$ cat run-v1.cif   # mmCIF, C-alpha atoms (C1' of nucleotides)
data_target
loop_
_atom_site.group_PDB
_atom_site.id
_atom_site.type_symbol
_atom_site.label_atom_id
_atom_site.label_comp_id
_atom_site.auth_asym_id
_atom_site.auth_seq_id
_atom_site.Cartn_x
_atom_site.Cartn_y
_atom_site.Cartn_z
ATOM 1 C CA MET A 1 2.490 -1.228 25.598
ATOM 2 C CA ARG A 2 1.374 1.407 23.139
ATOM 3 C CA ARG A 3 4.126 3.886 22.394
ATOM 4 C CA ASP A 4 3.435 7.468 21.581
ATOM 5 C CA ILE A 5 5.670 10.049 19.986
ATOM 6 C CA PHE A 6 4.688 12.709 22.537
ATOM 7 C CA GLN A 7 5.552 10.386 25.379
ATOM 8 C CA ALA A 8 8.840 9.615 23.647
ATOM 9 C CA ILE A 9 9.982 13.231 23.488
ATOM 10 C CA ALA A 10 8.893 13.908 27.075
ATOM 11 C CA ASP A 11 12.219 12.674 28.418
ATOM 12 C CA PRO A 12 15.140 15.137 28.128
ATOM 13 C CA THR A 13 17.690 12.372 27.556
ATOM 14 C CA ARG A 14 15.620 11.042 24.670
ATOM 15 C CA ARG A 15 15.357 14.530 23.175
ATOM 16 C CA ALA A 16 19.143 14.785 23.400
ATOM 17 C CA ILE A 17 19.527 11.399 21.693
ATOM 18 C CA ILE A 18 17.217 12.559 18.903
ATOM 19 C CA ALA A 19 19.263 15.720 18.395
ATOM 20 C CA LEU A 20 22.451 13.664 18.411
ATOM 21 C CA ILE A 21 21.491 11.074 15.821
ATOM 22 C CA ALA A 22 19.722 13.661 13.682
ATOM 23 C CA ILE A 23 23.169 14.672 12.453
ATOM 24 C CA GLN A 24 24.366 11.152 11.807
ATOM 25 C CA ALA A 25 23.445 7.552 12.690
ATOM 26 C CA MET A 26 25.209 6.186 15.767
ATOM 27 C CA THR A 27 25.651 2.967 17.729
ATOM 28 C CA PRO A 28 24.319 2.642 21.307
ATOM 29 C CA ASN A 29 27.854 2.688 22.690
ATOM 30 C CA ALA A 30 28.744 5.850 20.808
ATOM 31 C CA ILE A 31 25.529 7.498 21.980
ATOM 32 C CA ALA A 32 26.083 6.430 25.583
ATOM 33 C CA GLN A 33 29.500 8.095 25.596
ATOM 34 C CA HIS A 34 27.749 11.442 25.253
ATOM 35 C CA PHE A 35 25.799 10.918 28.459
ATOM 36 C CA ASP A 36 26.577 10.420 32.105
ATOM 37 C CA THR A 37 24.685 7.144 32.356
ATOM 38 C CA THR A 38 25.039 3.457 31.548
ATOM 39 C CA ARG A 39 24.787 1.941 28.079
ATOM 40 C CA GLN A 40 21.778 -0.080 29.196
ATOM 41 C CA ALA A 41 19.847 3.030 30.173
ATOM 42 C CA ILE A 42 20.504 4.467 26.713
ATOM 43 C CA SER A 43 19.514 1.130 25.207
ATOM 44 C CA LYS A 44 16.137 1.353 26.933
ATOM 45 C CA HIS A 45 15.620 4.870 25.626
ATOM 46 C CA LEU A 46 16.475 3.639 22.129
ATOM 47 C CA ARG A 47 13.886 0.902 22.532
ATOM 48 C CA VAL A 48 11.203 3.469 23.353
ATOM 49 C CA LEU A 49 12.243 5.573 20.368
ATOM 50 C CA THR A 50 12.258 2.514 18.101
ATOM 51 C CA GLU A 51 8.847 1.328 19.314
ATOM 52 C CA CYS A 52 7.204 4.594 18.340
ATOM 53 C CA GLU A 53 9.152 4.536 15.065
ATOM 54 C CA LEU A 54 11.013 7.765 15.717
ATOM 55 C CA VAL A 55 14.227 5.856 15.187
ATOM 56 C CA ARG A 56 15.247 3.083 12.823
ATOM 57 C CA GLN A 57 17.895 0.395 13.257
ATOM 58 C CA GLY A 58 20.568 -0.299 10.688
ATOM 59 C CA HIS A 59 22.492 -3.510 11.280
ATOM 60 C CA GLN A 60 26.083 -3.662 10.205
ATOM 61 C CA GLY A 61 27.959 -6.681 11.504
ATOM 62 C CA ARG A 62 27.617 -6.742 15.269
ATOM 63 C CA GLU A 63 27.072 -3.027 15.359
ATOM 64 C CA ILE A 64 23.633 -1.469 15.197
ATOM 65 C CA TYR A 65 23.352 2.046 13.913
ATOM 66 C CA TYR A 66 20.397 4.089 15.090
ATOM 67 C CA GLN A 67 19.062 6.637 12.705
ATOM 68 C CA LEU A 68 16.421 9.319 13.148
ATOM 69 C CA GLU A 69 13.195 8.799 11.223
ATOM 70 C CA ILE A 70 12.820 12.464 10.368
ATOM 71 C CA ASP A 71 9.390 12.034 8.798
ATOM 72 C CA LYS A 72 7.999 10.950 12.153
ATOM 73 C CA MET A 73 9.026 14.280 13.632
ATOM 74 C CA LYS A 74 6.557 15.940 11.315
ATOM 75 C CA GLU A 75 3.736 14.450 13.369
ATOM 76 C CA ILE A 76 4.562 16.891 16.146
ATOM 77 C CA ASP A 77 4.589 19.678 13.608
ATOM 78 C CA LYS A 78 1.227 18.491 12.342
ATOM 79 C CA TRP A 79 -0.239 18.640 15.849
ATOM 80 C CA LEU A 80 1.119 22.147 16.295
ATOM 81 C CA GLU A 81 -0.592 23.227 13.086
ATOM 82 C CA GLN A 82 -3.942 23.888 14.784
ATOM 83 C CA PHE A 83 -2.268 26.255 17.243
ATOM 84 C CA ARG A 84 -0.033 27.934 14.732
ATOM 85 C CA GLU A 85 -3.173 29.346 13.166
ATOM 86 C CA LEU A 86 -4.079 30.798 16.558
ATOM 87 C CA TRP A 87 -0.824 32.565 17.218
ATOM 88 C CA GLU A 88 -0.713 33.948 13.726
ATOM 89 C CA THR A 89 -4.203 35.354 14.190
ATOM 90 C CA ARG A 90 -2.865 37.001 17.331
ATOM 91 C CA PHE A 91 -0.144 38.661 15.309
ATOM 92 C CA GLN A 92 -2.697 39.804 12.794
ATOM 93 C CA GLN A 93 -4.843 41.303 15.546
ATOM 94 C CA LEU A 94 -1.780 43.090 16.881
ATOM 95 C CA ASP A 95 -1.041 44.425 13.409
ATOM 96 C CA GLU A 96 -4.594 45.744 13.128
ATOM 97 C CA LEU A 97 -4.279 47.375 16.541
ATOM 98 C CA LEU A 98 -1.051 49.103 15.581
ATOM 99 C CA LEU A 99 -2.713 50.248 12.379
ATOM 100 C CA THR A 100 -5.630 51.705 14.376
ATOM 101 C CA ILE A 101 -3.240 53.500 16.733
ATOM 102 C CA GLN A 102 -1.373 55.020 13.769
ATOM 103 C CA LYS A 103 -4.621 56.458 12.470
ATOM 104 C CA MET B 1 9.030 19.337 41.122
ATOM 105 C CA ARG B 2 10.327 20.898 37.936
ATOM 106 C CA ARG B 3 7.649 21.015 35.245
ATOM 107 C CA ASP B 4 8.481 20.788 31.614
ATOM 108 C CA ILE B 5 6.360 21.650 28.589
ATOM 109 C CA PHE B 6 7.303 18.394 26.820
ATOM 110 C CA GLN B 7 6.294 16.385 29.829
ATOM 111 C CA ALA B 8 3.038 18.351 29.967
ATOM 112 C CA ILE B 9 1.996 17.488 26.408
ATOM 113 C CA ALA B 10 2.968 13.835 26.831
ATOM 114 C CA ASP B 11 -0.432 13.012 28.312
ATOM 115 C CA PRO B 12 -3.280 12.670 25.779
ATOM 116 C CA THR B 13 -5.878 14.091 28.182
ATOM 117 C CA ARG B 14 -3.739 17.182 28.677
ATOM 118 C CA ARG B 15 -3.338 17.587 24.920
ATOM 119 C CA ALA B 16 -7.126 17.407 24.629
ATOM 120 C CA ILE B 17 -7.515 20.039 27.360
ATOM 121 C CA ILE B 18 -5.078 22.295 25.517
ATOM 122 C CA ALA B 19 -7.035 21.919 22.279
ATOM 123 C CA LEU B 20 -10.266 22.606 24.160
ATOM 124 C CA ILE B 21 -9.261 25.814 25.910
ATOM 125 C CA ALA B 22 -7.366 27.049 22.857
ATOM 126 C CA ILE B 23 -10.729 28.038 21.445
ATOM 127 C CA GLN B 24 -11.976 29.724 24.590
ATOM 128 C CA ALA B 25 -11.165 29.920 28.308
ATOM 129 C CA MET B 26 -13.082 27.444 30.468
ATOM 130 C CA THR B 27 -13.659 26.524 34.111
ATOM 131 C CA PRO B 28 -12.465 23.153 35.484
ATOM 132 C CA ASN B 29 -16.050 21.943 35.768
ATOM 133 C CA ALA B 30 -16.815 22.828 32.173
ATOM 134 C CA ILE B 31 -13.627 21.122 31.005
ATOM 135 C CA ALA B 32 -14.332 17.995 33.064
ATOM 136 C CA GLN B 33 -17.716 17.627 31.373
ATOM 137 C CA HIS B 34 -15.873 16.916 28.122
ATOM 138 C CA PHE B 35 -14.070 13.951 29.609
ATOM 139 C CA ASP B 36 -14.979 10.620 31.106
ATOM 140 C CA THR B 37 -13.154 11.235 34.361
ATOM 141 C CA THR B 38 -13.540 13.062 37.652
ATOM 142 C CA ARG B 39 -13.216 16.811 38.128
ATOM 143 C CA GLN B 40 -10.252 16.253 40.433
ATOM 144 C CA ALA B 41 -8.312 14.359 37.797
ATOM 145 C CA ILE B 42 -8.829 17.278 35.397
ATOM 146 C CA SER B 43 -7.842 19.654 38.175
ATOM 147 C CA LYS B 44 -4.531 17.836 38.572
ATOM 148 C CA HIS B 45 -3.895 18.061 34.841
ATOM 149 C CA LEU B 46 -4.637 21.783 34.983
ATOM 150 C CA ARG B 47 -2.148 22.109 37.802
ATOM 151 C CA VAL B 48 0.564 20.500 35.672
ATOM 152 C CA LEU B 49 -0.313 22.773 32.748
ATOM 153 C CA THR B 50 -0.303 25.826 35.015
ATOM 154 C CA GLU B 51 3.033 24.909 36.615
ATOM 155 C CA CYS B 52 4.779 24.841 33.250
ATOM 156 C CA GLU B 53 2.940 28.058 32.285
ATOM 157 C CA LEU B 54 1.148 26.530 29.336
ATOM 158 C CA VAL B 55 -2.070 27.699 30.906
ATOM 159 C CA ARG B 56 -3.052 30.819 32.862
ATOM 160 C CA GLN B 57 -5.755 31.264 35.469
ATOM 161 C CA GLY B 58 -8.320 34.031 35.298
ATOM 162 C CA HIS B 59 -10.295 34.492 38.513
ATOM 163 C CA GLN B 60 -13.861 35.675 38.253
ATOM 164 C CA GLY B 61 -15.795 35.378 41.486
ATOM 165 C CA ARG B 62 -15.595 31.792 42.663
ATOM 166 C CA GLU B 63 -15.029 30.583 39.124
ATOM 167 C CA ILE B 64 -11.571 30.167 37.662
ATOM 168 C CA TYR B 65 -11.194 30.349 33.924
ATOM 169 C CA TYR B 66 -8.259 28.517 32.406
ATOM 170 C CA GLN B 67 -6.780 30.005 29.304
ATOM 171 C CA LEU B 68 -4.122 28.715 26.933
ATOM 172 C CA GLU B 69 -0.828 30.601 26.956
ATOM 173 C CA ILE B 70 -0.370 30.353 23.225
ATOM 174 C CA ASP B 71 3.107 31.884 23.301
ATOM 175 C CA LYS B 72 4.341 28.950 25.374
ATOM 176 C CA MET B 73 3.302 26.592 22.577
ATOM 177 C CA LYS B 74 5.886 28.261 20.389
ATOM 178 C CA GLU B 75 8.622 26.679 22.505
ATOM 179 C CA ILE B 76 7.731 23.320 20.973
ATOM 180 C CA ASP B 77 7.872 24.918 17.562
ATOM 181 C CA LYS B 78 11.238 26.389 18.443
ATOM 182 C CA TRP B 79 12.590 22.964 19.390
ATOM 183 C CA LEU B 80 11.307 21.530 16.109
ATOM 184 C CA GLU B 81 13.159 24.244 14.206
ATOM 185 C CA GLN B 82 16.482 22.346 14.204
ATOM 186 C CA PHE B 83 14.787 19.332 12.601
ATOM 187 C CA ARG B 84 12.658 21.291 10.182
ATOM 188 C CA GLU B 85 15.873 22.337 8.504
ATOM 189 C CA LEU B 86 16.728 18.649 8.138
ATOM 190 C CA TRP B 87 13.498 17.545 6.530
ATOM 191 C CA GLU B 88 13.513 20.500 4.193
ATOM 192 C CA THR B 89 17.025 19.594 3.102
ATOM 193 C CA ARG B 90 15.659 16.139 2.372
ATOM 194 C CA PHE B 91 13.029 17.654 0.103
ATOM 195 C CA GLN B 92 15.670 19.697 -1.627
ATOM 196 C CA GLN B 93 17.789 16.601 -2.207
ATOM 197 C CA LEU B 94 14.760 14.834 -3.637
ATOM 198 C CA ASP B 95 14.121 17.764 -5.955
ATOM 199 C CA GLU B 96 17.708 17.627 -7.151
ATOM 200 C CA LEU B 97 17.408 13.907 -7.743
ATOM 201 C CA LEU B 98 14.256 14.346 -9.801
ATOM 202 C CA LEU B 99 15.985 17.056 -11.787
ATOM 203 C CA THR B 100 18.915 14.731 -12.481
ATOM 204 C CA ILE B 101 16.569 11.960 -13.601
ATOM 205 C CA GLN B 102 14.795 14.342 -15.976
ATOM 206 C CA LYS B 103 18.098 15.174 -17.594
ATOM 207 C "C1'" DT C 1 39.345 -22.008 18.550
ATOM 208 C "C1'" DA C 2 39.538 -18.759 22.567
ATOM 209 C "C1'" DA C 3 39.113 -14.064 24.117
ATOM 210 C "C1'" DA C 4 37.140 -9.655 23.426
ATOM 211 C "C1'" DT C 5 33.506 -6.644 21.998
ATOM 212 C "C1'" DA C 6 28.605 -4.938 20.864
ATOM 213 C "C1'" DA C 7 24.241 -5.248 22.034
ATOM 214 C "C1'" DG C 8 19.644 -6.915 23.778
ATOM 215 C "C1'" DA C 9 16.875 -9.248 27.681
ATOM 216 C "C1'" DA C 10 15.479 -10.018 32.361
ATOM 217 C "C1'" DA C 11 15.075 -8.980 37.159
ATOM 218 C "C1'" DC C 12 14.927 -5.687 40.412
ATOM 219 C "C1'" DC C 13 14.210 -0.987 42.694
ATOM 220 C "C1'" DA C 14 13.074 3.815 43.923
ATOM 221 C "C1'" DA C 15 10.589 7.606 42.181
ATOM 222 C "C1'" DC C 16 6.892 9.432 39.579
ATOM 223 C "C1'" DT C 17 2.184 9.423 37.396
ATOM 224 C "C1'" DG C 18 -2.701 9.448 36.880
ATOM 225 C "C1'" DG C 19 -6.465 8.321 39.194
ATOM 226 C "C1'" DT C 20 -9.585 8.042 43.258
ATOM 227 C "C1'" DT C 21 -11.947 9.616 47.691
ATOM 228 C "C1'" DG C 22 -12.543 12.826 51.309
ATOM 229 C "C1'" DC C 23 -12.140 17.406 53.133
ATOM 230 C "C1'" DA C 24 -11.523 22.520 53.627
ATOM 231 C "C1'" DA C 25 -11.875 27.333 51.791
ATOM 232 C "C1'" DA C 26 -14.132 30.811 49.224
ATOM 233 C "C1'" DT C 27 -18.073 32.657 47.005
ATOM 234 C "C1'" DA C 28 -22.923 32.884 45.707
ATOM 235 C "C1'" DT C 29 -27.846 32.322 46.815
ATOM 236 C "C1'" DA C 30 -32.133 31.213 49.571
ATOM 237 C "C1'" DT D 1 -27.231 33.456 58.313
ATOM 238 C "C1'" DA D 2 -27.689 28.718 56.528
ATOM 239 C "C1'" DT D 3 -27.081 26.156 52.345
ATOM 240 C "C1'" DA D 4 -25.289 25.134 47.857
ATOM 241 C "C1'" DT D 5 -21.627 25.554 44.496
ATOM 242 C "C1'" DT D 6 -16.861 25.917 42.714
ATOM 243 C "C1'" DT D 7 -12.510 24.850 43.476
ATOM 244 C "C1'" DG D 8 -8.043 23.357 45.423
ATOM 245 C "C1'" DC D 9 -5.440 20.278 48.546
ATOM 246 C "C1'" DA D 10 -3.928 16.028 50.919
ATOM 247 C "C1'" DA D 11 -3.738 11.174 51.379
ATOM 248 C "C1'" DC D 12 -3.709 7.040 49.292
ATOM 249 C "C1'" DC D 13 -3.147 3.349 45.530
ATOM 250 C "C1'" DA D 14 -1.875 0.708 41.436
ATOM 251 C "C1'" DG D 15 0.746 1.043 37.319
ATOM 252 C "C1'" DT D 16 4.621 3.033 34.803
ATOM 253 C "C1'" DT D 17 9.213 4.928 34.281
ATOM 254 C "C1'" DG D 18 14.170 5.434 34.305
ATOM 255 C "C1'" DG D 19 17.905 3.467 36.174
ATOM 256 C "C1'" DT D 20 21.096 -0.331 37.742
ATOM 257 C "C1'" DT D 21 23.192 -5.020 37.738
ATOM 258 C "C1'" DT D 22 23.635 -9.427 35.767
ATOM 259 C "C1'" DC D 23 23.345 -12.574 31.981
ATOM 260 C "C1'" DT D 24 23.042 -14.331 27.145
ATOM 261 C "C1'" DT D 25 23.770 -14.023 22.180
ATOM 262 C "C1'" DA D 26 26.221 -12.721 18.135
ATOM 263 C "C1'" DT D 27 30.181 -11.131 15.833
ATOM 264 C "C1'" DT D 28 34.954 -9.912 15.438
ATOM 265 C "C1'" DT D 29 39.853 -10.646 16.260
ATOM 266 C "C1'" DA D 30 44.139 -12.718 18.171
#
$ encode --input "run-v1.cif" --output "structure tokens"
Amino acid sequence: MRRDIFQAIADPTRRAIIALIAIQAMTPNAIAQHFDTTRQAISKHLRVLTECELVRQGHQGREIYYQLEIDKMKEIDKWLEQFRELWETRFQQLDELLLTIQK
Amino acid sequence: MRRDIFQAIADPTRRAIIALIAIQAMTPNAIAQHFDTTRQAISKHLRVLTECELVRQGHQGREIYYQLEIDKMKEIDKWLEQFRELWETRFQQLDELLLTIQK
DNA sequence: TAAATAAGAAACCAACTGGTTGCAAATATA
DNA sequence: TATATTTGCAACCAGTTGGTTTCTTATTTA
């Protein structure tokens, strides 16, 4: 199964997990305590996030810390780049319009 | 059915549609010609995009032009904001490290 | 060593997704 | 007005998803 970063962030629970471990690495149990669902459900979400390399495991005894791979997040930013140009052009056009009105 | 912008961009075909109509508004038939699928499949994707207001319809006779709602794209950018701070901090830390090494 | 804890794996299930085909409504054209 | 075109809608289907329960493995602790 090919995993995709856009598919990974489609789920609201996964987005919440990302925001949570962005601050500091956490174990599945610790993460699950923040949600109204079972540990196994969280574990499956972590698997999806790991498969698309948005998250990295750090083993420490029997505990596994999950850590956000922040660089991977830039891929979304990179995709947005093409559109950012568009909405900035829009602003520019608006600026020109306001300038024309002033005259 | 609640539609979500993150769920909308999860599908690669929908991302391609977004990129396509970002340049100029297009009819479903015209869009479908760019893909190796049926018009109805594209129509369903357009429905998803319309429901989450990523795309706006413009009626013109019996033709319907679909146009990208560029402002809605900013919501993704807005979500990324919290992480952008993180990866910029990383850069800063790297800069500091390099500075220390130089000394 | 025995019990407890942390975590992944497998089996199962209901709901959702993306796709198809067929059909109806609205508009344009002969 | 009859026909063709553009589009949306409904029904259906196979595959995927998110969730649960149960089980196994590995590590810690009493």
$ residues_around --input "run-v1.cif" --residues "range 8-24 of chain C" --least-positions-apart "4" --cutoff "9 Å" --atoms "all atoms listed in the file" --output "list in words"
Gln40 and Ser43 of chain A; Thr37, Thr38, Gln40, Ala41, Lys44 and His45 of chain B; DG8, DC9, DA10, DA11, DC12, DC13, DG15, DT16, DT17, DG18, DG19, DT20, DT21, DT22, DC23, DT24 and DT25 of chain D
$ interface_residues --input "run-v1.cif" --of "chain A" --to "chain C" --cutoff "12 Å" --atoms "all atoms listed in the file" --output "NGL selection string"
:A and (27-30 or 39-44 or 46-47 or 59-65)
$ residues_around --input "run-v1.cif" --residues "Glu69 in chain B" --least-positions-apart "3" --cutoff "12 Å" --atoms "all atoms listed in the file" --output "PyMOL selection string"
(chain A and resi 83+86-87+90) or (chain B and resi 5+18-19+21-25+49-58+66+72-75)
$ atom_distance --input "run-v1.cif" --atom1 "CA of Ala8 in chain B" --atom2 "CA of Glu85 in chain A"
21.0 Å
$ axis_aligned_box --input "run-v1.cif" --around "range 19-28 of chain D" --padding-each-side "8 Å" --output "lines of an AutoDock Vina configuration file"
center_x = 26.4
center_y = -5.4
center_z = 26.6
size_x = 33.0
size_y = 33.8
size_z = 38.3
$ residues_around --input "run-v1.cif" --residues "Ala10 in chain A" --least-positions-apart "4" --cutoff "9 Å" --atoms "all atoms listed in the file" --output "ChimeraX atom specification"
/A:5-6,14-15 /B:4-10
$ interface_residues --input "run-v1.cif" --of "chain D" --to "chain B" --cutoff "9 Å" --atoms "only C-alpha atoms (C1' of nucleotides)" --output "list in words"
DT5, DT6, DT7 and DG8 of chain D
$ write_last_selection --input "run-v1.cif" --atoms "C-alpha atoms (C1' of nucleotides)" --output "PDB file, keeping the file's coordinate frame"
ATOM      1  C1'  DT D   5     -21.627  25.554  44.496  1.00  0.00           C
ATOM      2  C1'  DT D   6     -16.861  25.917  42.714  1.00  0.00           C
ATOM      3  C1'  DT D   7     -12.510  24.850  43.476  1.00  0.00           C
ATOM      4  C1'  DG D   8      -8.043  23.357  45.423  1.00  0.00           C
TER       5       DG D   8
END
$ atom_distance --input "run-v1.cif" --atom1 "CA of His34 in chain B" --atom2 "CA of Leu80 in chain A"
21.4 Å
$ closest_residue --input "run-v1.cif" --among "A:Ile17, A:Phe35, A:Thr89, A:Asp11" --to "chain B" --atoms "only C-alpha atoms"
A:Asp11
$ atom_distance --input "run-v1.cif" --atom1 "CA of Val48 in chain B" --atom2 "CA of Glu88 in chain A"
25.8 Å
